[in-house]
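Quick look at coords-v3.cif (mmCIF, N, CA and C atoms):
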```cif
data_data
#
loop_
_atom_site.label_atom_id
_atom_site.label_comp_id
_atom_site.auth_asym_id
_atom_site.auth_seq_id
_atom_site.Cartn_x
_atom_site.Cartn_y
_atom_site.Cartn_z
N MET K 1 -2.85 -35.39 41.36
CA MET K 1 -2.40 -35.37 39.99
C MET K 1 -3.58 -35.12 39.04
N GLU K 2 -4.72 -35.77 39.33
CA GLU K 2 -5.90 -35.60 38.50
C GLU K 2 -6.37 -34.15 38.53
N GLN K 3 -6.24 -33.50 39.68
CA GLN K 3 -6.66 -32.11 39.81
C GLN K 3 -5.76 -31.19 38.98
N ASP K 4 -4.43 -31.47 38.91
CA ASP K 4 -3.51 -30.69 38.08
C ASP K 4 -3.88 -30.80 36.61
N THR K 5 -4.26 -32.00 36.17
CA THR K 5 -4.66 -32.20 34.79
C THR K 5 -5.93 -31.43 34.49
N ARG K 6 -6.85 -31.43 35.42
CA ARG K 6 -8.10 -30.71 35.23
C ARG K 6 -7.84 -29.20 35.14
N ARG K 7 -6.92 -28.71 35.96
CA ARG K 7 -6.59 -27.28 35.92
C ARG K 7 -5.99 -26.91 34.56
N LEU K 8 -5.12 -27.75 34.06
CA LEU K 8 -4.53 -27.50 32.75
C LEU K 8 -5.61 -27.52 31.67
N SER K 9 -6.51 -28.46 31.79
CA SER K 9 -7.60 -28.56 30.83
C SER K 9 -8.47 -27.31 30.91
N ASP K 10 -8.75 -26.83 32.11
CA ASP K 10 -9.54 -25.61 32.26
C ASP K 10 -8.80 -24.42 31.66
N LEU K 11 -7.50 -24.33 31.87
CA LEU K 11 -6.69 -23.26 31.31
C LEU K 11 -6.72 -23.32 29.78
N ALA K 12 -6.61 -24.51 29.24
CA ALA K 12 -6.65 -24.67 27.78
C ALA K 12 -8.01 -24.20 27.24
N ARG K 13 -9.08 -24.53 27.93
CA ARG K 13 -10.42 -24.09 27.49
C ARG K 13 -10.52 -22.57 27.54
N ILE K 14 -10.03 -21.98 28.60
CA ILE K 14 -10.08 -20.52 28.74
C ILE K 14 -9.28 -19.86 27.62
N LEU K 15 -8.08 -20.37 27.34
CA LEU K 15 -7.26 -19.81 26.27
C LEU K 15 -7.93 -19.96 24.91
N LEU K 16 -8.60 -21.07 24.69
CA LEU K 16 -9.31 -21.28 23.44
C LEU K 16 -10.44 -20.26 23.29
N VAL K 17 -11.20 -20.04 24.35
CA VAL K 17 -12.29 -19.07 24.30
C VAL K 17 -11.74 -17.67 24.05
N VAL K 18 -10.64 -17.32 24.72
CA VAL K 18 -10.03 -16.01 24.52
C VAL K 18 -9.56 -15.86 23.07
N ALA K 19 -8.94 -16.87 22.52
CA ALA K 19 -8.47 -16.81 21.13
C ALA K 19 -9.64 -16.63 20.17
N VAL K 20 -10.73 -17.32 20.38
CA VAL K 20 -11.91 -17.18 19.52
C VAL K 20 -12.49 -15.78 19.64
N LEU K 21 -12.57 -15.24 20.85
CA LEU K 21 -13.11 -13.89 21.05
C LEU K 21 -12.23 -12.84 20.38
N VAL K 22 -10.91 -12.96 20.53
CA VAL K 22 -9.99 -11.99 19.91
C VAL K 22 -10.13 -12.06 18.40
N THR K 23 -10.21 -13.25 17.84
CA THR K 23 -10.39 -13.41 16.40
C THR K 23 -11.69 -12.76 15.94
N ALA K 24 -12.75 -12.96 16.69
CA ALA K 24 -14.04 -12.37 16.33
C ALA K 24 -13.99 -10.85 16.38
N VAL K 25 -13.36 -10.29 17.41
CA VAL K 25 -13.27 -8.84 17.54
C VAL K 25 -12.43 -8.25 16.41
N VAL K 26 -11.30 -8.84 16.10
CA VAL K 26 -10.43 -8.34 15.03
C VAL K 26 -11.14 -8.44 13.68
N THR K 27 -11.80 -9.54 13.42
CA THR K 27 -12.54 -9.72 12.17
C THR K 27 -13.64 -8.66 12.05
N HIS K 28 -14.35 -8.43 13.13
CA HIS K 28 -15.40 -7.40 13.13
C HIS K 28 -14.80 -6.03 12.85
N PHE K 29 -13.69 -5.72 13.49
CA PHE K 29 -13.02 -4.42 13.28
C PHE K 29 -12.62 -4.25 11.82
N LEU K 30 -11.99 -5.27 11.25
CA LEU K 30 -11.55 -5.18 9.85
C LEU K 30 -12.73 -5.02 8.91
N ASP K 31 -13.82 -5.71 9.19
CA ASP K 31 -14.99 -5.63 8.33
C ASP K 31 -15.72 -4.29 8.45
N THR K 32 -15.80 -3.74 9.64
CA THR K 32 -16.59 -2.53 9.84
C THR K 32 -15.80 -1.25 9.66
N HIS K 33 -14.50 -1.29 9.80
CA HIS K 33 -13.70 -0.07 9.68
C HIS K 33 -12.99 0.03 8.34
N ARG K 34 -13.33 -0.85 7.41
CA ARG K 34 -12.80 -0.82 6.06
C ARG K 34 -11.28 -0.64 6.05
N VAL K 35 -10.61 -1.42 6.83
CA VAL K 35 -9.15 -1.40 6.88
C VAL K 35 -8.63 -2.00 5.58
N PHE K 36 -7.69 -1.30 4.97
CA PHE K 36 -7.12 -1.78 3.71
C PHE K 36 -6.19 -2.95 3.99
N ARG K 37 -6.34 -3.97 3.21
CA ARG K 37 -5.46 -5.13 3.32
C ARG K 37 -4.84 -5.39 1.95
N VAL K 38 -3.66 -5.90 1.94
CA VAL K 38 -2.98 -6.18 0.67
C VAL K 38 -3.85 -7.09 -0.19
N GLU K 39 -4.62 -7.95 0.41
CA GLU K 39 -5.50 -8.84 -0.35
C GLU K 39 -6.53 -8.05 -1.15
N ASP K 40 -6.80 -6.80 -0.74
CA ASP K 40 -7.77 -5.97 -1.46
C ASP K 40 -7.22 -5.45 -2.79
N LEU K 41 -5.91 -5.46 -2.95
CA LEU K 41 -5.30 -5.01 -4.20
C LEU K 41 -5.49 -6.06 -5.28
N THR K 42 -5.67 -5.60 -6.49
CA THR K 42 -5.73 -6.54 -7.61
C THR K 42 -4.53 -6.30 -8.51
N ALA K 43 -4.21 -7.30 -9.28
CA ALA K 43 -3.12 -7.14 -10.24
C ALA K 43 -3.47 -6.05 -11.25
N THR K 44 -4.74 -5.94 -11.58
CA THR K 44 -5.19 -4.91 -12.52
C THR K 44 -4.92 -3.52 -11.96
N GLU K 45 -5.23 -3.32 -10.68
CA GLU K 45 -4.98 -2.00 -10.09
C GLU K 45 -3.50 -1.66 -10.11
N MET K 46 -2.65 -2.60 -9.79
CA MET K 46 -1.22 -2.32 -9.77
C MET K 46 -0.70 -2.09 -11.20
N THR K 47 -1.20 -2.84 -12.17
CA THR K 47 -0.80 -2.64 -13.56
C THR K 47 -1.25 -1.26 -14.03
N ASP K 48 -2.50 -0.91 -13.73
CA ASP K 48 -3.01 0.41 -14.12
C ASP K 48 -2.21 1.53 -13.47
N THR K 49 -1.83 1.33 -12.22
CA THR K 49 -1.06 2.36 -11.51
C THR K 49 0.35 2.48 -12.07
N LEU K 50 0.94 1.37 -12.44
CA LEU K 50 2.27 1.41 -13.06
C LEU K 50 2.20 2.11 -14.42
N LYS K 51 1.16 1.84 -15.19
CA LYS K 51 0.97 2.53 -16.47
C LYS K 51 0.75 4.03 -16.23
N TRP K 52 -0.03 4.35 -15.19
CA TRP K 52 -0.25 5.75 -14.85
C TRP K 52 1.07 6.44 -14.52
N LEU K 53 1.91 5.77 -13.72
CA LEU K 53 3.20 6.34 -13.33
C LEU K 53 4.06 6.58 -14.57
N ASP K 54 4.09 5.63 -15.48
CA ASP K 54 4.87 5.77 -16.70
C ASP K 54 4.35 6.98 -17.51
N THR K 55 3.05 7.10 -17.64
CA THR K 55 2.45 8.22 -18.37
C THR K 55 2.76 9.55 -17.68
N PHE K 56 2.67 9.56 -16.35
CA PHE K 56 2.96 10.79 -15.61
C PHE K 56 4.43 11.20 -15.78
N TYR K 57 5.32 10.23 -15.79
CA TYR K 57 6.74 10.53 -15.99
C TYR K 57 6.97 11.15 -17.37
N ARG K 58 6.22 10.74 -18.38
CA ARG K 58 6.38 11.25 -19.74
C ARG K 58 5.73 12.63 -19.93
N SER K 59 4.71 12.92 -19.17
CA SER K 59 3.85 14.07 -19.43
C SER K 59 4.52 15.41 -19.13
N PRO K 60 4.03 16.48 -19.78
CA PRO K 60 4.56 17.83 -19.53
C PRO K 60 4.38 18.26 -18.08
N GLU K 61 3.28 17.82 -17.44
CA GLU K 61 3.08 18.20 -16.04
C GLU K 61 3.81 17.26 -15.08
N GLY K 62 4.38 16.20 -15.62
CA GLY K 62 5.14 15.25 -14.81
C GLY K 62 6.62 15.52 -14.88
N LEU K 63 7.40 14.46 -15.00
CA LEU K 63 8.86 14.61 -15.03
C LEU K 63 9.43 14.84 -16.42
N GLN K 64 8.58 14.83 -17.43
CA GLN K 64 8.97 15.13 -18.81
C GLN K 64 10.08 14.20 -19.31
N ARG K 65 10.05 12.97 -18.87
CA ARG K 65 11.01 11.98 -19.37
C ARG K 65 10.42 11.33 -20.61
N PRO K 66 11.05 11.48 -21.76
CA PRO K 66 10.50 10.91 -23.00
C PRO K 66 10.31 9.39 -22.92
N THR K 67 11.12 8.72 -22.11
CA THR K 67 11.02 7.26 -22.02
C THR K 67 10.26 6.81 -20.78
N GLY K 68 9.61 7.73 -20.10
CA GLY K 68 8.81 7.37 -18.93
C GLY K 68 9.65 6.78 -17.80
N ILE K 69 9.24 5.60 -17.35
CA ILE K 69 9.95 4.97 -16.23
C ILE K 69 11.18 4.18 -16.68
N ILE K 70 11.55 4.34 -17.94
CA ILE K 70 12.79 3.74 -18.45
C ILE K 70 13.87 4.82 -18.37
N ALA K 71 14.93 4.52 -17.67
CA ALA K 71 16.05 5.47 -17.53
C ALA K 71 17.33 4.79 -17.98
N ASN K 72 18.02 5.41 -18.92
CA ASN K 72 19.26 4.85 -19.45
C ASN K 72 19.09 3.44 -19.99
N GLY K 73 17.95 3.21 -20.62
CA GLY K 73 17.69 1.91 -21.23
C GLY K 73 17.22 0.83 -20.27
N ASP K 74 17.10 1.14 -18.99
CA ASP K 74 16.64 0.16 -18.00
C ASP K 74 15.41 0.69 -17.27
N VAL K 75 14.64 -0.23 -16.74
CA VAL K 75 13.49 0.16 -15.92
C VAL K 75 14.02 0.87 -14.68
N ASP K 76 13.40 1.98 -14.33
CA ASP K 76 13.79 2.74 -13.14
C ASP K 76 13.16 2.09 -11.92
N TYR K 77 13.78 1.01 -11.47
CA TYR K 77 13.24 0.24 -10.35
C TYR K 77 13.14 1.07 -9.08
N GLU K 78 14.08 1.97 -8.89
CA GLU K 78 14.06 2.80 -7.69
C GLU K 78 12.79 3.66 -7.65
N SER K 79 12.41 4.23 -8.78
CA SER K 79 11.19 5.02 -8.82
C SER K 79 9.96 4.17 -8.53
N ILE K 80 9.93 3.00 -9.13
CA ILE K 80 8.79 2.11 -8.90
C ILE K 80 8.70 1.74 -7.42
N SER K 81 9.82 1.35 -6.84
CA SER K 81 9.77 0.96 -5.43
C SER K 81 9.42 2.14 -4.54
N ASN K 82 9.93 3.31 -4.86
CA ASN K 82 9.65 4.48 -4.04
C ASN K 82 8.20 4.93 -4.18
N TRP K 83 7.78 5.22 -5.40
CA TRP K 83 6.46 5.81 -5.61
C TRP K 83 5.33 4.82 -5.45
N LEU K 84 5.51 3.60 -5.93
CA LEU K 84 4.41 2.64 -5.85
C LEU K 84 4.41 1.84 -4.57
N PHE K 85 5.53 1.22 -4.26
CA PHE K 85 5.52 0.30 -3.12
C PHE K 85 5.61 1.02 -1.78
N ARG K 86 6.08 2.23 -1.78
CA ARG K 86 6.11 2.95 -0.52
C ARG K 86 4.98 3.96 -0.45
N ASN K 87 4.95 4.91 -1.35
CA ASN K 87 3.99 6.00 -1.26
C ASN K 87 2.57 5.60 -1.65
N TYR K 88 2.41 4.95 -2.80
CA TYR K 88 1.08 4.56 -3.26
C TYR K 88 0.42 3.58 -2.28
N LEU K 89 1.13 2.52 -1.94
CA LEU K 89 0.56 1.53 -1.03
C LEU K 89 0.29 2.11 0.35
N GLN K 90 1.13 3.02 0.79
CA GLN K 90 0.90 3.66 2.08
C GLN K 90 -0.40 4.48 2.04
N ALA K 91 -0.62 5.21 0.96
CA ALA K 91 -1.84 6.00 0.83
C ALA K 91 -3.06 5.08 0.78
N ARG K 92 -2.96 3.97 0.04
CA ARG K 92 -4.07 3.01 -0.02
C ARG K 92 -4.33 2.41 1.34
N ALA K 93 -3.26 2.11 2.08
CA ALA K 93 -3.41 1.53 3.42
C ALA K 93 -4.09 2.50 4.38
N GLN K 94 -3.95 3.79 4.11
CA GLN K 94 -4.58 4.80 4.97
C GLN K 94 -6.00 5.11 4.52
N GLY K 95 -6.51 4.36 3.55
CA GLY K 95 -7.90 4.49 3.15
C GLY K 95 -8.16 5.28 1.88
N ALA K 96 -7.12 5.75 1.21
CA ALA K 96 -7.31 6.50 -0.03
C ALA K 96 -7.80 5.56 -1.14
N THR K 97 -8.62 6.10 -2.03
CA THR K 97 -9.00 5.34 -3.21
C THR K 97 -7.79 5.26 -4.14
N ALA K 98 -7.89 4.43 -5.16
CA ALA K 98 -6.79 4.32 -6.11
C ALA K 98 -6.50 5.68 -6.75
N GLY K 99 -7.54 6.40 -7.14
CA GLY K 99 -7.36 7.72 -7.75
C GLY K 99 -6.74 8.73 -6.80
N ASP K 100 -7.22 8.73 -5.55
CA ASP K 100 -6.66 9.65 -4.56
C ASP K 100 -5.20 9.31 -4.25
N ALA K 101 -4.89 8.02 -4.19
CA ALA K 101 -3.51 7.61 -3.92
C ALA K 101 -2.59 8.04 -5.06
N ARG K 102 -3.07 7.93 -6.30
CA ARG K 102 -2.27 8.38 -7.45
C ARG K 102 -2.04 9.89 -7.39
N GLU K 103 -3.08 10.63 -7.01
CA GLU K 103 -2.92 12.08 -6.89
C GLU K 103 -1.92 12.44 -5.79
N MET K 104 -1.92 11.67 -4.69
CA MET K 104 -0.94 11.91 -3.63
C MET K 104 0.47 11.66 -4.13
N VAL K 105 0.64 10.59 -4.92
CA VAL K 105 1.96 10.30 -5.50
C VAL K 105 2.37 11.42 -6.45
N ALA K 106 1.43 11.88 -7.29
CA ALA K 106 1.75 12.97 -8.22
C ALA K 106 2.20 14.21 -7.44
N LYS K 107 1.51 14.51 -6.35
CA LYS K 107 1.88 15.67 -5.53
C LYS K 107 3.30 15.49 -4.96
N GLN K 108 3.61 14.29 -4.50
CA GLN K 108 4.93 14.02 -3.95
C GLN K 108 6.00 14.11 -5.04
N ILE K 109 5.68 13.65 -6.23
CA ILE K 109 6.64 13.76 -7.34
C ILE K 109 6.89 15.24 -7.65
N ARG K 110 5.81 16.04 -7.64
CA ARG K 110 5.97 17.47 -7.91
C ARG K 110 6.82 18.18 -6.85
N GLU K 111 6.98 17.57 -5.71
CA GLU K 111 7.83 18.13 -4.66
C GLU K 111 9.27 17.63 -4.76
N SER K 112 9.54 16.73 -5.69
CA SER K 112 10.87 16.13 -5.82
C SER K 112 11.84 17.10 -6.49
N PRO K 113 13.14 16.97 -6.20
CA PRO K 113 14.14 17.83 -6.85
C PRO K 113 14.12 17.73 -8.38
N GLU K 114 13.93 16.53 -8.92
CA GLU K 114 13.91 16.36 -10.38
C GLU K 114 12.76 17.16 -10.99
N TRP K 115 11.58 17.08 -10.40
CA TRP K 115 10.44 17.82 -10.92
C TRP K 115 10.68 19.33 -10.79
N GLN K 116 11.20 19.73 -9.62
CA GLN K 116 11.46 21.17 -9.38
C GLN K 116 12.44 21.72 -10.41
N GLU K 117 13.45 20.94 -10.73
CA GLU K 117 14.46 21.37 -11.70
C GLU K 117 13.85 21.53 -13.10
N LYS K 118 13.00 20.61 -13.48
CA LYS K 118 12.42 20.66 -14.82
C LYS K 118 11.31 21.68 -14.96
N HIS K 119 10.80 22.18 -13.88
CA HIS K 119 9.68 23.11 -13.92
C HIS K 119 10.04 24.47 -13.36
N LYS K 120 11.32 24.83 -13.45
CA LYS K 120 11.75 26.17 -13.01
C LYS K 120 11.09 27.19 -13.93
N GLN K 121 10.72 28.31 -13.35
CA GLN K 121 10.11 29.36 -14.19
C GLN K 121 10.98 30.56 -14.30
#
```

Show this structure as structure tokens.
Amino acid sequence: MEQDTRRLSDLARILLVVAVLVTAVVTHFLDTHRVFRVEDLTATEMTDTLKWLDTFYRSPEGLQRPTGIIANGDVDYESISNWLFRNYLQARAQGATAGDAREMVAKQIRESPEWQEKHKQ
């Protein structure tokens, strides 16, 4: 019985060492490969990006909406969730800077049916 307890104790020690090593390797990877984490985002960056999206929606080169991200008197939540929470964050997660991620979103908006319709030549 004492030998079974010792084996379990040895197994627990081995698992603890493995867990510490895995944690160290993952931490090293995240630190050295500049992996984007949600914790890296600031409220200021998201606010600035939302303001940028609103301005782009209003602009002649954007969607030319006089009210920006306001549609029919309400915030266009679908646009925010699509462009910011899906496309912008995805670009940031892939290592793009805030400016590069905004440019990627602008490019995607320019490929949208609404933009295409408003910019027919």

Could you list the residues chosen by the PyMOL selection byres ((chain K and resi 59-73) around 8) in this structure as a tab-separated table (two decimals) with N, CA and C atoms, in the coordinates of the input?
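After the write, expr.tsv holds the following:
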```tsv
chain	number	residue	atom	x	y	z
K	53	LEU	N	1.91	5.77	-13.72
K	53	LEU	CA	3.20	6.34	-13.33
K	53	LEU	C	4.06	6.58	-14.57
K	54	ASP	N	4.09	5.63	-15.48
K	54	ASP	CA	4.87	5.77	-16.70
K	54	ASP	C	4.35	6.98	-17.51
K	55	THR	N	3.05	7.10	-17.64
K	55	THR	CA	2.45	8.22	-18.37
K	55	THR	C	2.76	9.55	-17.68
K	56	PHE	N	2.67	9.56	-16.35
K	56	PHE	CA	2.96	10.79	-15.61
K	56	PHE	C	4.43	11.20	-15.78
K	57	TYR	N	5.32	10.23	-15.79
K	57	TYR	CA	6.74	10.53	-15.99
K	57	TYR	C	6.97	11.15	-17.37
K	58	ARG	N	6.22	10.74	-18.38
K	58	ARG	CA	6.38	11.25	-19.74
K	58	ARG	C	5.73	12.63	-19.93
K	74	ASP	N	17.10	1.14	-18.99
K	74	ASP	CA	16.64	0.16	-18.00
K	74	ASP	C	15.41	0.69	-17.27
K	75	VAL	N	14.64	-0.23	-16.74
K	75	VAL	CA	13.49	0.16	-15.92
K	75	VAL	C	14.02	0.87	-14.68
K	76	ASP	N	13.40	1.98	-14.33
K	76	ASP	CA	13.79	2.74	-13.14
K	76	ASP	C	13.16	2.09	-11.92
K	77	TYR	N	13.78	1.01	-11.47
K	77	TYR	CA	13.24	0.24	-10.35
K	77	TYR	C	13.14	1.07	-9.08
K	79	SER	N	12.41	4.23	-8.78
K	79	SER	CA	11.19	5.02	-8.82
K	79	SER	C	9.96	4.17	-8.53
K	80	ILE	N	9.93	3.00	-9.13
K	80	ILE	CA	8.79	2.11	-8.90
K	80	ILE	C	8.70	1.74	-7.42
K	106	ALA	N	1.43	11.88	-7.29
K	106	ALA	CA	1.75	12.97	-8.22
K	106	ALA	C	2.20	14.21	-7.44
K	109	ILE	N	5.68	13.65	-6.23
K	109	ILE	CA	6.64	13.76	-7.34
K	109	ILE	C	6.89	15.24	-7.65
K	110	ARG	N	5.81	16.04	-7.64
K	110	ARG	CA	5.97	17.47	-7.91
K	110	ARG	C	6.82	18.18	-6.85
K	114	GLU	N	13.93	16.53	-8.92
K	114	GLU	CA	13.91	16.36	-10.38
K	114	GLU	C	12.76	17.16	-10.99
K	115	TRP	N	11.58	17.08	-10.40
K	115	TRP	CA	10.44	17.82	-10.92
K	115	TRP	C	10.68	19.33	-10.79
K	116	GLN	N	11.20	19.73	-9.62
K	116	GLN	CA	11.46	21.17	-9.38
K	116	GLN	C	12.44	21.72	-10.41
K	118	LYS	N	13.00	20.61	-13.48
K	118	LYS	CA	12.42	20.66	-14.82
K	118	LYS	C	11.31	21.68	-14.96
K	119	HIS	N	10.80	22.18	-13.88
K	119	HIS	CA	9.68	23.11	-13.92
K	119	HIS	C	10.04	24.47	-13.36
```

Contact residues around Arg102 in chain K with only N, CA and C atoms at 8 Å, ignoring same-chain residues under 6 positions, as JSON, numbers by chain: {"K": [49, 53, 87, 88, 91, 92, 96, 108]}

Selected residue of minimal separation from Leu50 in chain K among K:Ala93, K:Val26, K:Ala19, K:Leu84, counting only N, CA and C atoms: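 Among K:Ala93, K:Val26, K:Ala19, K:Leu84, it is K:Leu84 that comes nearest to Leu50 in chain K.
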
Straight-line distance linking CA of Met104 in chain K with atom C of Gln90 in chain K, stated in Å to one decimal: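 Calculated distance between CA of Met104 in chain K and atom C of Gln90 in chain K is 9.4 Å.
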
Polymer residues at most 10 Å from (-6.4, -0.8, -5.6) by only C-alpha atoms, as an MDAnalysis selection string: chainID K and resid 36:49 88:89 92:93 96:99 101

Expected answer as an NGL selection string: strand (DSSP E) residues in range 7-121 of chain K: :K and (70-71 or 74-75)

Distance of CA of Pro113 in chain K from CA of Arg86 in chain K, expressed in Å to one decimal place: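 Separation of CA of Arg86 in chain K and CA of Pro113 in chain K: 18.1 Å.
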
Distance in Å - atom C of Phe85 in chain K versus atom C of Glu117 in chain K: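 For atom C of Phe85 in chain K relative to atom C of Glu117 in chain K, the distance reads 24.8 Å.
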
Output file request: range 102-119 of chain K, with N, CA and C atoms, as a PDB file, in the first residue's frame.
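In the end it all went to result.pdb:
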```
ATOM      1  N   ARG K 102      -7.153  48.991 -39.595  1.00  0.00           N
ATOM      2  CA  ARG K 102      -8.187  49.908 -40.091  1.00  0.00           C
ATOM      3  C   ARG K 102      -8.185  49.944 -41.618  1.00  0.00           C
ATOM      4  N   GLU K 103      -6.994  49.953 -42.206  1.00  0.00           N
ATOM      5  CA  GLU K 103      -6.918  49.955 -43.669  1.00  0.00           C
ATOM      6  C   GLU K 103      -7.491  48.661 -44.248  1.00  0.00           C
ATOM      7  N   MET K 104      -7.271  47.531 -43.564  1.00  0.00           N
ATOM      8  CA  MET K 104      -7.856  46.267 -44.021  1.00  0.00           C
ATOM      9  C   MET K 104      -9.375  46.330 -43.969  1.00  0.00           C
ATOM     10  N   VAL K 105      -9.907  46.914 -42.892  1.00  0.00           N
ATOM     11  CA  VAL K 105     -11.366  47.069 -42.770  1.00  0.00           C
ATOM     12  C   VAL K 105     -11.880  47.983 -43.879  1.00  0.00           C
ATOM     13  N   ALA K 106     -11.180  49.090 -44.132  1.00  0.00           N
ATOM     14  CA  ALA K 106     -11.606  50.006 -45.200  1.00  0.00           C
ATOM     15  C   ALA K 106     -11.639  49.275 -46.541  1.00  0.00           C
ATOM     16  N   LYS K 107     -10.633  48.460 -46.800  1.00  0.00           N
ATOM     17  CA  LYS K 107     -10.586  47.690 -48.052  1.00  0.00           C
ATOM     18  C   LYS K 107     -11.782  46.737 -48.139  1.00  0.00           C
ATOM     19  N   GLN K 108     -12.100  46.080 -47.028  1.00  0.00           N
ATOM     20  CA  GLN K 108     -13.231  45.159 -47.015  1.00  0.00           C
ATOM     21  C   GLN K 108     -14.550  45.905 -47.202  1.00  0.00           C
ATOM     22  N   ILE K 109     -14.653  47.082 -46.620  1.00  0.00           N
ATOM     23  CA  ILE K 109     -15.873  47.885 -46.809  1.00  0.00           C
ATOM     24  C   ILE K 109     -16.009  48.273 -48.281  1.00  0.00           C
ATOM     25  N   ARG K 110     -14.879  48.649 -48.901  1.00  0.00           N
ATOM     26  CA  ARG K 110     -14.914  49.017 -50.319  1.00  0.00           C
ATOM     27  C   ARG K 110     -15.318  47.843 -51.218  1.00  0.00           C
ATOM     28  N   GLU K 111     -15.212  46.647 -50.720  1.00  0.00           N
ATOM     29  CA  GLU K 111     -15.638  45.468 -51.476  1.00  0.00           C
ATOM     30  C   GLU K 111     -17.096  45.104 -51.199  1.00  0.00           C
ATOM     31  N   SER K 112     -17.744  45.820 -50.293  1.00  0.00           N
ATOM     32  CA  SER K 112     -19.124  45.502 -49.906  1.00  0.00           C
ATOM     33  C   SER K 112     -20.108  45.978 -50.974  1.00  0.00           C
ATOM     34  N   PRO K 113     -21.269  45.328 -51.071  1.00  0.00           N
ATOM     35  CA  PRO K 113     -22.290  45.756 -52.039  1.00  0.00           C
ATOM     36  C   PRO K 113     -22.734  47.208 -51.831  1.00  0.00           C
ATOM     37  N   GLU K 114     -22.872  47.651 -50.589  1.00  0.00           N
ATOM     38  CA  GLU K 114     -23.302  49.030 -50.326  1.00  0.00           C
ATOM     39  C   GLU K 114     -22.281  50.018 -50.893  1.00  0.00           C
ATOM     40  N   TRP K 115     -21.007  49.779 -50.666  1.00  0.00           N
ATOM     41  CA  TRP K 115     -19.977  50.677 -51.183  1.00  0.00           C
ATOM     42  C   TRP K 115     -19.971  50.638 -52.711  1.00  0.00           C
ATOM     43  N   GLN K 116     -20.064  49.431 -53.267  1.00  0.00           N
ATOM     44  CA  GLN K 116     -20.048  49.273 -54.736  1.00  0.00           C
ATOM     45  C   GLN K 116     -21.206  50.044 -55.366  1.00  0.00           C
ATOM     46  N   GLU K 117     -22.362  49.979 -54.737  1.00  0.00           N
ATOM     47  CA  GLU K 117     -23.546  50.667 -55.264  1.00  0.00           C
ATOM     48  C   GLU K 117     -23.350  52.194 -55.234  1.00  0.00           C
ATOM     49  N   LYS K 118     -22.780  52.695 -54.174  1.00  0.00           N
ATOM     50  CA  LYS K 118     -22.619  54.141 -54.037  1.00  0.00           C
ATOM     51  C   LYS K 118     -21.474  54.701 -54.860  1.00  0.00           C
ATOM     52  N   HIS K 119     -20.605  53.863 -55.337  1.00  0.00           N
ATOM     53  CA  HIS K 119     -19.438  54.314 -56.075  1.00  0.00           C
ATOM     54  C   HIS K 119     -19.434  53.829 -57.515  1.00  0.00           C
TER      55      HIS K 119
END
```
